$ cat entry.pdb   # PDB, C-alpha atoms and all ligand atoms
ATOM      1  CA  MET A   1     -23.674  -5.721   2.648
ATOM      2  CA  MET A   2     -21.683  -2.522   2.186
ATOM      3  CA  ASN A   3     -22.807  -0.049  -0.440
ATOM      4  CA  LYS A   4     -20.676   2.422  -2.328
ATOM      5  CA  LEU A   5     -21.809   5.952  -1.609
ATOM      6  CA  GLU A   6     -20.128   9.076  -2.983
ATOM      7  CA  GLN A   7     -16.650   8.843  -4.494
ATOM      8  CA  ILE A   8     -14.186  10.754  -2.345
ATOM      9  CA  TYR A   9     -11.013  10.205  -4.328
ATOM     10  CA  GLU A  10      -9.732   8.985  -7.665
ATOM     11  CA  GLY A  11      -6.038   8.234  -7.896
ATOM     12  CA  LYS A  12      -3.842   6.764 -10.596
ATOM     13  CA  ALA A  13      -4.805   3.164  -9.891
ATOM     14  CA  LYS A  14      -7.821   3.239  -7.572
ATOM     15  CA  LYS A  15     -11.063   4.973  -6.716
ATOM     16  CA  VAL A  16     -12.221   5.328  -3.125
ATOM     17  CA  PHE A  17     -15.856   5.538  -2.007
ATOM     18  CA  LYS A  18     -17.640   6.327   1.235
ATOM     19  CA  THR A  19     -19.937   3.749   2.823
ATOM     20  CA  GLU A  20     -22.766   4.048   5.374
ATOM     21  CA  ASP A  21     -20.103   3.520   8.055
ATOM     22  CA  PRO A  22     -17.796   6.562   8.482
ATOM     23  CA  GLU A  23     -15.011   4.227   9.668
ATOM     24  CA  LEU A  24     -15.109   2.157   6.457
ATOM     25  CA  LEU A  25     -14.379   2.886   2.800
ATOM     26  CA  ILE A  26     -14.575   0.859  -0.416
ATOM     27  CA  VAL A  27     -11.549   0.805  -2.722
ATOM     28  CA  ASP A  28     -12.100  -0.001  -6.413
ATOM     29  CA  TYR A  29      -8.981  -0.999  -8.377
ATOM     30  CA  LYS A  30      -8.585   0.167 -12.000
ATOM     31  CA  ASP A  31      -6.481  -1.194 -14.863
ATOM     32  CA  ASP A  32      -4.837   2.214 -15.393
ATOM     33  CA  ALA A  33      -1.080   2.332 -15.014
ATOM     34  CA  THR A  34       1.216   5.318 -14.718
ATOM     35  CA  ALA A  35       4.961   5.672 -14.274
ATOM     36  CA  PHE A  36       7.555   8.421 -13.918
ATOM     37  CA  ASN A  37       5.247  10.623 -11.856
ATOM     38  CA  GLY A  38       2.394  10.318 -14.358
ATOM     39  CA  GLU A  39       4.461  11.063 -17.481
ATOM     40  CA  LYS A  40       3.883   7.577 -18.899
ATOM     41  CA  LYS A  41       0.279   6.414 -18.992
ATOM     42  CA  GLY A  42      -1.333   3.181 -20.088
ATOM     43  CA  GLN A  43      -3.584   0.298 -19.220
ATOM     44  CA  ILE A  44      -2.698  -3.180 -18.062
ATOM     45  CA  ALA A  45      -5.711  -5.433 -18.740
ATOM     46  CA  GLY A  46      -6.724  -7.327 -15.613
ATOM     47  CA  LYS A  47      -4.296  -5.475 -13.330
ATOM     48  CA  GLY A  48      -7.054  -4.145 -11.082
ATOM     49  CA  VAL A  49      -8.246  -7.661 -10.304
ATOM     50  CA  VAL A  50      -4.737  -8.986  -9.662
ATOM     51  CA  ASN A  51      -3.739  -6.039  -7.462
ATOM     52  CA  ASN A  52      -6.955  -6.147  -5.430
ATOM     53  CA  ARG A  53      -6.840  -9.879  -4.774
ATOM     54  CA  MET A  54      -3.070 -10.027  -4.287
ATOM     55  CA  SER A  55      -3.010  -7.083  -1.920
ATOM     56  CA  ASN A  56      -5.829  -8.590   0.153
ATOM     57  CA  LEU A  57      -4.109 -11.948   0.360
ATOM     58  CA  LEU A  58      -0.852 -10.321   1.500
ATOM     59  CA  MET A  59      -2.533  -7.988   3.995
ATOM     60  CA  GLN A  60      -4.294 -10.961   5.626
ATOM     61  CA  MET A  61      -0.974 -12.815   5.828
ATOM     62  CA  LEU A  62       0.666  -9.732   7.400
ATOM     63  CA  GLU A  63      -2.117  -9.374   9.980
ATOM     64  CA  LYS A  64      -1.338 -12.919  11.139
ATOM     65  CA  LYS A  65       2.309 -11.871  11.521
ATOM     66  CA  GLY A  66       1.316  -8.937  13.748
ATOM     67  CA  VAL A  67       1.212  -6.029  11.310
ATOM     68  CA  PRO A  68      -2.115  -4.169  11.605
ATOM     69  CA  THR A  69      -3.624  -3.370   8.171
ATOM     70  CA  HIS A  70      -6.617  -1.592   6.696
ATOM     71  CA  PHE A  71      -8.052  -4.814   5.204
ATOM     72  CA  VAL A  72     -11.661  -5.591   6.174
ATOM     73  CA  GLU A  73     -13.389  -7.606   3.435
ATOM     74  CA  GLU A  74     -13.057  -8.365  -0.279
ATOM     75  CA  ILE A  75     -16.478  -7.749  -1.864
ATOM     76  CA  SER A  76     -15.684  -8.344  -5.545
ATOM     77  CA  ASP A  77     -12.790  -8.987  -7.927
ATOM     78  CA  ARG A  78     -11.900  -5.309  -7.865
ATOM     79  CA  GLU A  79     -13.499  -3.969  -4.675
ATOM     80  CA  THR A  80     -12.504  -4.183  -1.040
ATOM     81  CA  VAL A  81     -13.834  -2.715   2.189
ATOM     82  CA  VAL A  82     -11.018  -1.067   4.138
ATOM     83  CA  LYS A  83     -10.702   0.916   7.352
ATOM     84  CA  ALA A  84     -10.812   4.673   6.786
ATOM     85  CA  VAL A  85      -7.462   6.271   7.572
ATOM     86  CA  THR A  86      -5.663   9.529   7.064
ATOM     87  CA  ILE A  87      -2.750   8.523   4.853
ATOM     88  CA  MET A  88       0.636   9.766   6.077
ATOM     89  CA  PRO A  89       2.219  11.606   3.121
ATOM     90  CA  LEU A  90       5.224   9.269   3.155
ATOM     91  CA  GLU A  91       6.252   6.568   0.713
ATOM     92  CA  VAL A  92       8.036   4.012   2.859
ATOM     93  CA  ILE A  93      10.575   2.035   0.839
ATOM     94  CA  VAL A  94      12.511  -1.064   1.882
ATOM     95  CA  ARG A  95      15.219  -2.532  -0.350
ATOM     96  CA  ASN A  96      16.973  -5.906  -0.316
ATOM     97  CA  ILE A  97      18.723  -5.584  -3.696
ATOM     98  CA  SER A  98      19.817  -2.457  -5.598
ATOM     99  CA  ALA A  99      17.461  -1.330  -8.379
ATOM    100  CA  GLY A 100      15.538   1.627  -9.747
ATOM    101  CA  SER A 101      16.158   5.012  -8.158
ATOM    102  CA  PHE A 102      18.763   3.569  -5.750
ATOM    103  CA  ALA A 103      20.949   2.315  -8.611
ATOM    104  CA  LYS A 104      20.506   5.621 -10.419
ATOM    105  CA  ARG A 105      21.158   7.870  -7.385
ATOM    106  CA  TYR A 106      24.397   6.136  -6.419
ATOM    107  CA  GLY A 107      25.574   5.198  -9.917
ATOM    108  CA  VAL A 108      25.662   1.465  -9.207
ATOM    109  CA  GLU A 109      24.322  -1.510 -11.118
ATOM    110  CA  GLU A 110      21.042  -3.221 -10.291
ATOM    111  CA  GLY A 111      21.307  -6.549  -8.468
ATOM    112  CA  ILE A 112      23.672  -5.797  -5.576
ATOM    113  CA  VAL A 113      22.382  -7.931  -2.688
ATOM    114  CA  PHE A 114      22.511  -5.985   0.583
ATOM    115  CA  ASP A 115      23.616  -7.598   3.862
ATOM    116  CA  GLU A 116      20.775  -5.794   5.626
ATOM    117  CA  PRO A 117      17.606  -4.271   4.169
ATOM    118  CA  THR A 118      17.546  -0.483   3.768
ATOM    119  CA  PHE A 119      14.777   1.834   4.950
ATOM    120  CA  GLU A 120      13.951   5.213   3.429
ATOM    121  CA  VAL A 121      10.995   7.549   3.105
ATOM    122  CA  SER A 122       9.967   9.866   0.301
ATOM    123  CA  TYR A 123       7.639  12.820   0.692
ATOM    124  CA  LYS A 124       4.397  11.847  -1.074
ATOM    125  CA  ASN A 125       3.880  14.970  -3.149
ATOM    126  CA  ASP A 126       3.285  14.722  -6.906
ATOM    127  CA  ASP A 127       4.070  18.400  -7.534
ATOM    128  CA  LEU A 128       7.541  17.911  -6.054
ATOM    129  CA  GLY A 129       8.033  14.463  -7.629
ATOM    130  CA  ASP A 130       8.020  12.527  -4.339
ATOM    131  CA  PRO A 131      11.499  13.636  -3.140
ATOM    132  CA  LEU A 132      13.606  11.510  -0.803
ATOM    133  CA  MET A 133      13.086  12.833   2.728
ATOM    134  CA  CYS A 134      15.261  12.837   5.858
ATOM    135  CA  GLU A 135      13.401  11.465   8.856
ATOM    136  CA  SER A 136      14.208  14.623  10.828
ATOM    137  CA  HIS A 137      12.632  16.705   8.080
ATOM    138  CA  ALA A 138       9.457  14.596   8.250
ATOM    139  CA  ILE A 139       9.407  15.268  11.999
ATOM    140  CA  ALA A 140      10.141  18.991  11.534
ATOM    141  CA  LEU A 141       7.212  19.300   9.105
ATOM    142  CA  GLY A 142       4.912  17.574  11.595
ATOM    143  CA  ILE A 143       4.236  14.636   9.268
ATOM    144  CA  VAL A 144       5.222  12.129  11.985
ATOM    145  CA  THR A 145       6.586  12.184  15.515
ATOM    146  CA  ALA A 146       9.872  10.463  16.358
ATOM    147  CA  GLU A 147       7.881   7.667  18.022
ATOM    148  CA  GLU A 148       5.679   7.248  14.963
ATOM    149  CA  ILE A 149       8.595   6.970  12.538
ATOM    150  CA  ASP A 150      10.149   4.329  14.825
ATOM    151  CA  GLN A 151       6.872   2.409  14.680
ATOM    152  CA  VAL A 152       6.697   2.770  10.892
ATOM    153  CA  ARG A 153      10.279   1.492  10.538
ATOM    154  CA  LYS A 154       9.540  -1.477  12.785
ATOM    155  CA  TYR A 155       6.436  -2.408  10.772
ATOM    156  CA  ALA A 156       8.281  -1.885   7.460
ATOM    157  CA  PHE A 157      10.960  -4.420   8.427
ATOM    158  CA  MET A 158       8.295  -6.858   9.688
ATOM    159  CA  VAL A 159       6.552  -6.518   6.317
ATOM    160  CA  ASN A 160       9.879  -7.120   4.545
ATOM    161  CA  ASP A 161      10.651 -10.281   6.547
ATOM    162  CA  ALA A 162       7.187 -11.699   5.910
ATOM    163  CA  LEU A 163       7.005 -10.776   2.207
ATOM    164  CA  LYS A 164      10.555 -11.968   1.453
ATOM    165  CA  GLU A 165       9.787 -15.416   2.823
ATOM    166  CA  PHE A 166       6.366 -15.535   1.168
ATOM    167  CA  PHE A 167       7.634 -14.607  -2.310
ATOM    168  CA  LEU A 168      10.730 -16.828  -2.104
ATOM    169  CA  ALA A 169       8.421 -19.810  -1.535
ATOM    170  CA  VAL A 170       6.908 -19.127  -4.999
ATOM    171  CA  GLY A 171      10.231 -18.529  -6.735
ATOM    172  CA  LEU A 172      10.343 -14.741  -6.528
ATOM    173  CA  LYS A 173      13.059 -12.519  -5.060
ATOM    174  CA  LEU A 174      11.707  -9.441  -3.279
ATOM    175  CA  VAL A 175      14.031  -6.702  -4.568
ATOM    176  CA  ASP A 176      12.295  -3.680  -3.021
ATOM    177  CA  PHE A 177       8.833  -2.349  -2.280
ATOM    178  CA  LYS A 178       6.880   0.760  -1.315
ATOM    179  CA  ILE A 179       4.213   0.789   1.375
ATOM    180  CA  GLU A 180       2.041   3.489   2.886
ATOM    181  CA  PHE A 181       0.688   3.851   6.391
ATOM    182  CA  GLY A 182      -2.380   5.639   7.665
ATOM    183  CA  LYS A 183      -3.864   6.679  10.976
ATOM    184  CA  THR A 184      -7.333   5.627  12.092
ATOM    185  CA  SER A 185      -9.598   8.093  13.929
ATOM    186  CA  ASP A 186      -8.086   6.979  17.258
ATOM    187  CA  GLY A 187      -4.529   7.612  16.014
ATOM    188  CA  THR A 188      -3.528   3.965  15.499
ATOM    189  CA  ILE A 189      -0.971   3.477  12.719
ATOM    190  CA  ILE A 190      -1.930   0.752  10.251
ATOM    191  CA  LEU A 191      -0.661  -0.461   6.888
ATOM    192  CA  ALA A 192      -2.849   0.938   4.082
ATOM    193  CA  ASP A 193      -2.767   1.368   0.270
ATOM    194  CA  GLU A 194      -1.732  -1.775  -1.650
ATOM    195  CA  ILE A 195       0.992  -4.391  -2.055
ATOM    196  CA  SER A 196       1.159  -5.600  -5.662
ATOM    197  CA  PRO A 197       3.465  -5.849  -8.683
ATOM    198  CA  ASP A 198       2.835  -2.083  -9.039
ATOM    199  CA  THR A 199       4.519  -1.441  -5.703
ATOM    200  CA  CYS A 200       7.074  -4.275  -5.370
ATOM    201  CA  ARG A 201      10.004  -5.312  -7.512
ATOM    202  CA  LEU A 202       9.972  -9.093  -7.936
ATOM    203  CA  TRP A 203      12.595 -11.055  -9.868
ATOM    204  CA  ASP A 204      12.284 -14.715 -10.810
ATOM    205  CA  VAL A 205      14.693 -16.774  -8.692
ATOM    206  CA  GLU A 206      15.828 -18.937 -11.632
ATOM    207  CA  THR A 207      16.035 -16.451 -14.492
ATOM    208  CA  ASN A 208      16.033 -13.011 -12.794
ATOM    209  CA  LYS A 209      13.144 -12.078 -15.136
ATOM    210  CA  LYS A 210      11.485  -8.891 -13.915
ATOM    211  CA  MET A 211       7.982  -9.841 -12.750
ATOM    212  CA  ASP A 212       6.620  -6.413 -11.833
ATOM    213  CA  LYS A 213       5.738  -2.937 -13.066
ATOM    214  CA  ASP A 214       9.231  -2.458 -14.537
ATOM    215  CA  ARG A 215       7.849  -4.435 -17.530
ATOM    216  CA  PHE A 216       5.480  -1.499 -18.100
ATOM    217  CA  ARG A 217       7.909   1.277 -17.079
ATOM    218  CA  ARG A 218      10.676  -0.039 -19.351
ATOM    219  CA  ASP A 219       8.495  -1.463 -22.180
ATOM    220  CA  LEU A 220       9.780  -5.006 -21.617
ATOM    221  CA  GLY A 221       6.639  -6.704 -22.999
ATOM    222  CA  ASP A 222       4.485  -9.488 -21.466
ATOM    223  CA  VAL A 223       3.039  -6.979 -19.015
ATOM    224  CA  GLU A 224      -0.467  -8.491 -18.572
ATOM    225  CA  GLU A 225       0.876 -12.045 -18.645
ATOM    226  CA  THR A 226       3.420 -11.270 -15.948
ATOM    227  CA  TYR A 227       0.844  -9.779 -13.563
ATOM    228  CA  GLN A 228      -1.314 -12.889 -14.099
ATOM    229  CA  GLU A 229       1.616 -15.215 -13.515
ATOM    230  CA  VAL A 230       2.617 -13.547 -10.246
ATOM    231  CA  PHE A 231      -0.955 -13.886  -9.035
ATOM    232  CA  GLU A 232      -1.174 -17.533 -10.164
ATOM    233  CA  ARG A 233       1.999 -18.321  -8.240
ATOM    234  CA  ILE A 234       0.985 -16.650  -5.001
ATOM    235  CA  LYS A 235      -2.616 -17.754  -4.818
ATOM    236  CA  GLY A 236      -1.211 -21.277  -4.482
TER     237      GLY A 236
HETATM  238  N1  LIG B 301       7.423   2.620  -5.861
HETATM  239  C1  LIG B 301       6.060   2.786  -5.887
HETATM  240  N2  LIG B 301       5.544   4.039  -6.126
HETATM  241  C2  LIG B 301       6.324   5.124  -6.328
HETATM  242  C3  LIG B 301       7.722   4.955  -6.294
HETATM  243  C4  LIG B 301       8.240   3.701  -6.067
HETATM  244  O1  LIG B 301       5.312   1.837  -5.674
HETATM  245  O2  LIG B 301       5.786   6.227  -6.524
HETATM  246  C5  LIG B 301       8.004   1.286  -5.624
HETATM  247  C6  LIG B 301       8.668   0.702  -6.852
HETATM  248  O3  LIG B 301       7.771  -0.105  -7.578
HETATM  249  C7  LIG B 301       9.776  -0.119  -6.263
HETATM  250  C8  LIG B 301      10.130   0.593  -4.954
HETATM  251  O4  LIG B 301       9.021   1.418  -4.644
HETATM  252  O5  LIG B 301       9.309  -1.422  -5.939
HETATM  253  C9  LIG B 301      11.386   1.443  -5.053
HETATM  254  O6  LIG B 301      11.246   2.322  -6.125
HETATM  255  P1  LIG B 301      12.419   3.300  -6.556
HETATM  256  O7  LIG B 301      12.669   4.262  -5.452
HETATM  257  O8  LIG B 301      13.570   2.494  -7.013
HETATM  258  O9  LIG B 301      11.811   4.209  -7.682
HETATM  259  P2  LIG B 301      11.474   3.950  -9.221
HETATM  260  O10 LIG B 301      12.629   3.258  -9.838
HETATM  261  O11 LIG B 301      10.198   3.152  -9.206
HETATM  262  O12 LIG B 301      11.271   5.338  -9.722
END

$ encode --input "entry.pdb" --output "structure tokens"
Amino acid sequence: MMNKLEQIYEGKAKKVFKTEDPELLIVDYKDDATAFNGEKKGQIAGKGVVNNRMSNLLMQMLEKKGVPTHFVEEISDRETVVKAVTIMPLEVIVRNISAGSFAKRYGVEEGIVFDEPTFEVSYKNDDLGDPLMCESHAIALGIVTAEEIDQVRKYAFMVNDALKEFFLAVGLKLVDFKIEFGKTSDGTIILADEISPDTCRLWDVETNKKMDKDRFRRDLGDVEETYQEVFERIKG
């Protein structure tokens, strides 16, 4: 049995604790929600439970498909043991359909289905508002090597293929998503952070209803209910 020792981090949606094992941490998911770089704050009742359990289910599925992840063991509704990593300060975003900042940046409508998924990275830096980042700039700043960014891109597309198929089977279109990678003490790159309706855009196949954090960001209502429904669908 793993015990939570001192808290080492508290983010917008999670707390992270040390354990007796320096290679392992415990993540504790909260119901707090933020959007627009922390400008909008709120709570989504039950979100922590949904995001913890959903993320764990998806990470285990991805492991089977050959993507290494930080998942070790779910120890409660909200808590999971994960491998300790140094998070790369990159938000890795894959898109299948135009939405959000893509639609805004290029002045196009949401819902354009791309022939091929896109890949982009943002610099994970709250003070700067997570700006879009050229890969060569990430290399110049020493955030990743050219080999590492190639590996990250390869994993990101593997994650997209697996998630797209998985969500389609439960009537959800995977519009786009953000993932984060970390490095273990031996330098291995693994998928970390979470995969949840906070970090993916999911639209109902039949109705195109937004089934993700856009309900909170855009005050569309049914926020709690939607998180629960996504989880009900995927847990099978
Ligand atoms: N995303 C995220 N965290 C962020 C920014 C984006 O999880 O800090 C997710 C978001 O939920 C969406 C995808 O990444 O699924 C693409 O987001 P986008 O760049 O369109 O930005 P947004 O419209 O969320 O500002």

$ closest_residue --input "entry.pdb" --among "A:Lys30, A:Lys83, A:Arg95, A:His137" --to "Lys18 (chain A)" --atoms "all atoms listed in the file"
A:Lys83

$ residues_around --input "entry.pdb" --residues "region 141-149 of chain A" --least-positions-apart "2" --cutoff "12 Å" --atoms "all atoms listed in the file" --output "PyMOL selection string"
chain A and resi 86-92+119-124+133-139+151-156+181-183+187-190

$ resolve_selection --input "entry.pdb" --expression "the PyMOL selection byres (((not hetatm)) within 7 of (chain B and resi 301))" --output "compact mmCIF listing (two decimals) with C-alpha atoms, in the coordinates of the input"
# COMPACT_ATOMS: atom_id res chain seq x y z
CA PHE A 36 7.56 8.42 -13.92
CA ASN A 37 5.25 10.62 -11.86
CA ILE A 93 10.58 2.04 0.84
CA ALA A 99 17.46 -1.33 -8.38
CA GLY A 100 15.54 1.63 -9.75
CA SER A 101 16.16 5.01 -8.16
CA PHE A 102 18.76 3.57 -5.75
CA ASP A 176 12.30 -3.68 -3.02
CA PHE A 177 8.83 -2.35 -2.28
CA LYS A 178 6.88 0.76 -1.32
CA ASP A 198 2.84 -2.08 -9.04
CA THR A 199 4.52 -1.44 -5.70
CA CYS A 200 7.07 -4.28 -5.37
CA ARG A 201 10.00 -5.31 -7.51
CA LYS A 213 5.74 -2.94 -13.07

$ resolve_selection --input "entry.pdb" --expression "the PyMOL selection byres (((chain A and resi 50) around 12) and not hetatm)" --output "PyMOL selection string"
chain A and resi 29-31+44-49+51-58+76-79+194-198+212+224-235

$ resolve_selection --input "entry.pdb" --expression "the PyMOL selection byres (((chain A and resi 110-117) around 6) and not hetatm)" --output "PyMOL selection string"
chain A and resi 95-99+103+109+118

$ atom_distance --input "entry.pdb" --atom1 "CA of Leu128 (chain A)" --atom2 "CA of Glu39 (chain A)"
13.7 Å

$ atom_distance --input "entry.pdb" --atom1 "CA of Arg215 (chain A)" --atom2 "CA of Gly129 (chain A)"
21.3 Å

$ atom_distance --input "entry.pdb" --atom1 "CA of Ala84 (chain A)" --atom2 "CA of Leu132 (chain A)"
26.5 Å

$ residues_around --input "entry.pdb" --residues "Glu6 (chain A)" --least-positions-apart "4" --cutoff "9 Å" --atoms "all atoms listed in the file" --output "list of chain:residue names"
A:Val16, A:Phe17, A:Lys18, A:Thr19

$ residues_around --input "entry.pdb" --residues "Leu163 (chain A)" --least-positions-apart "4" --cutoff "8 Å" --atoms "all atoms listed in the file" --output "PyMOL selection string"
chain A and resi 58+159+167+174

$ closest_residue --input "entry.pdb" --among "A:Lys173, A:Trp203, A:Ile179, A:Met158" --to "Glu63 (chain A)" --atoms "all atoms listed in the file"
A:Met158

$ closest_residue --input "entry.pdb" --among "A:Ala140, A:Ile8, A:Met211, A:Met2" --to "Glu74 (chain A)" --atoms "all atoms listed in the file"
A:Met2

$ closest_residue --input "entry.pdb" --among "A:Leu5, A:Val94, A:Val27, A:Ile75" --to "Phe157 (chain A)" --atoms "all atoms listed in the file"
A:Val94

$ closest_residue --input "entry.pdb" --among "A:Gly11, A:Lys40, A:Leu191, A:Ala35" --to "Gly66 (chain A)" --atoms "all atoms listed in the file"
A:Leu191

$ axis_aligned_box --input "entry.pdb" --around "region 53-70 of chain A" --padding-each-side "5 Å" --output "lines of an AutoDock Vina configuration file"
center_x = -2.3
center_y = -7.3
center_z = 4.5
size_x = 19.1
size_y = 21.3
size_z = 28.5

$ closest_residue --input "entry.pdb" --among "A:Pro68, A:Gly221, A:Gly171, A:Gly38" --to "Asp130 (chain A)" --atoms "all atoms listed in the file"
A:Gly38
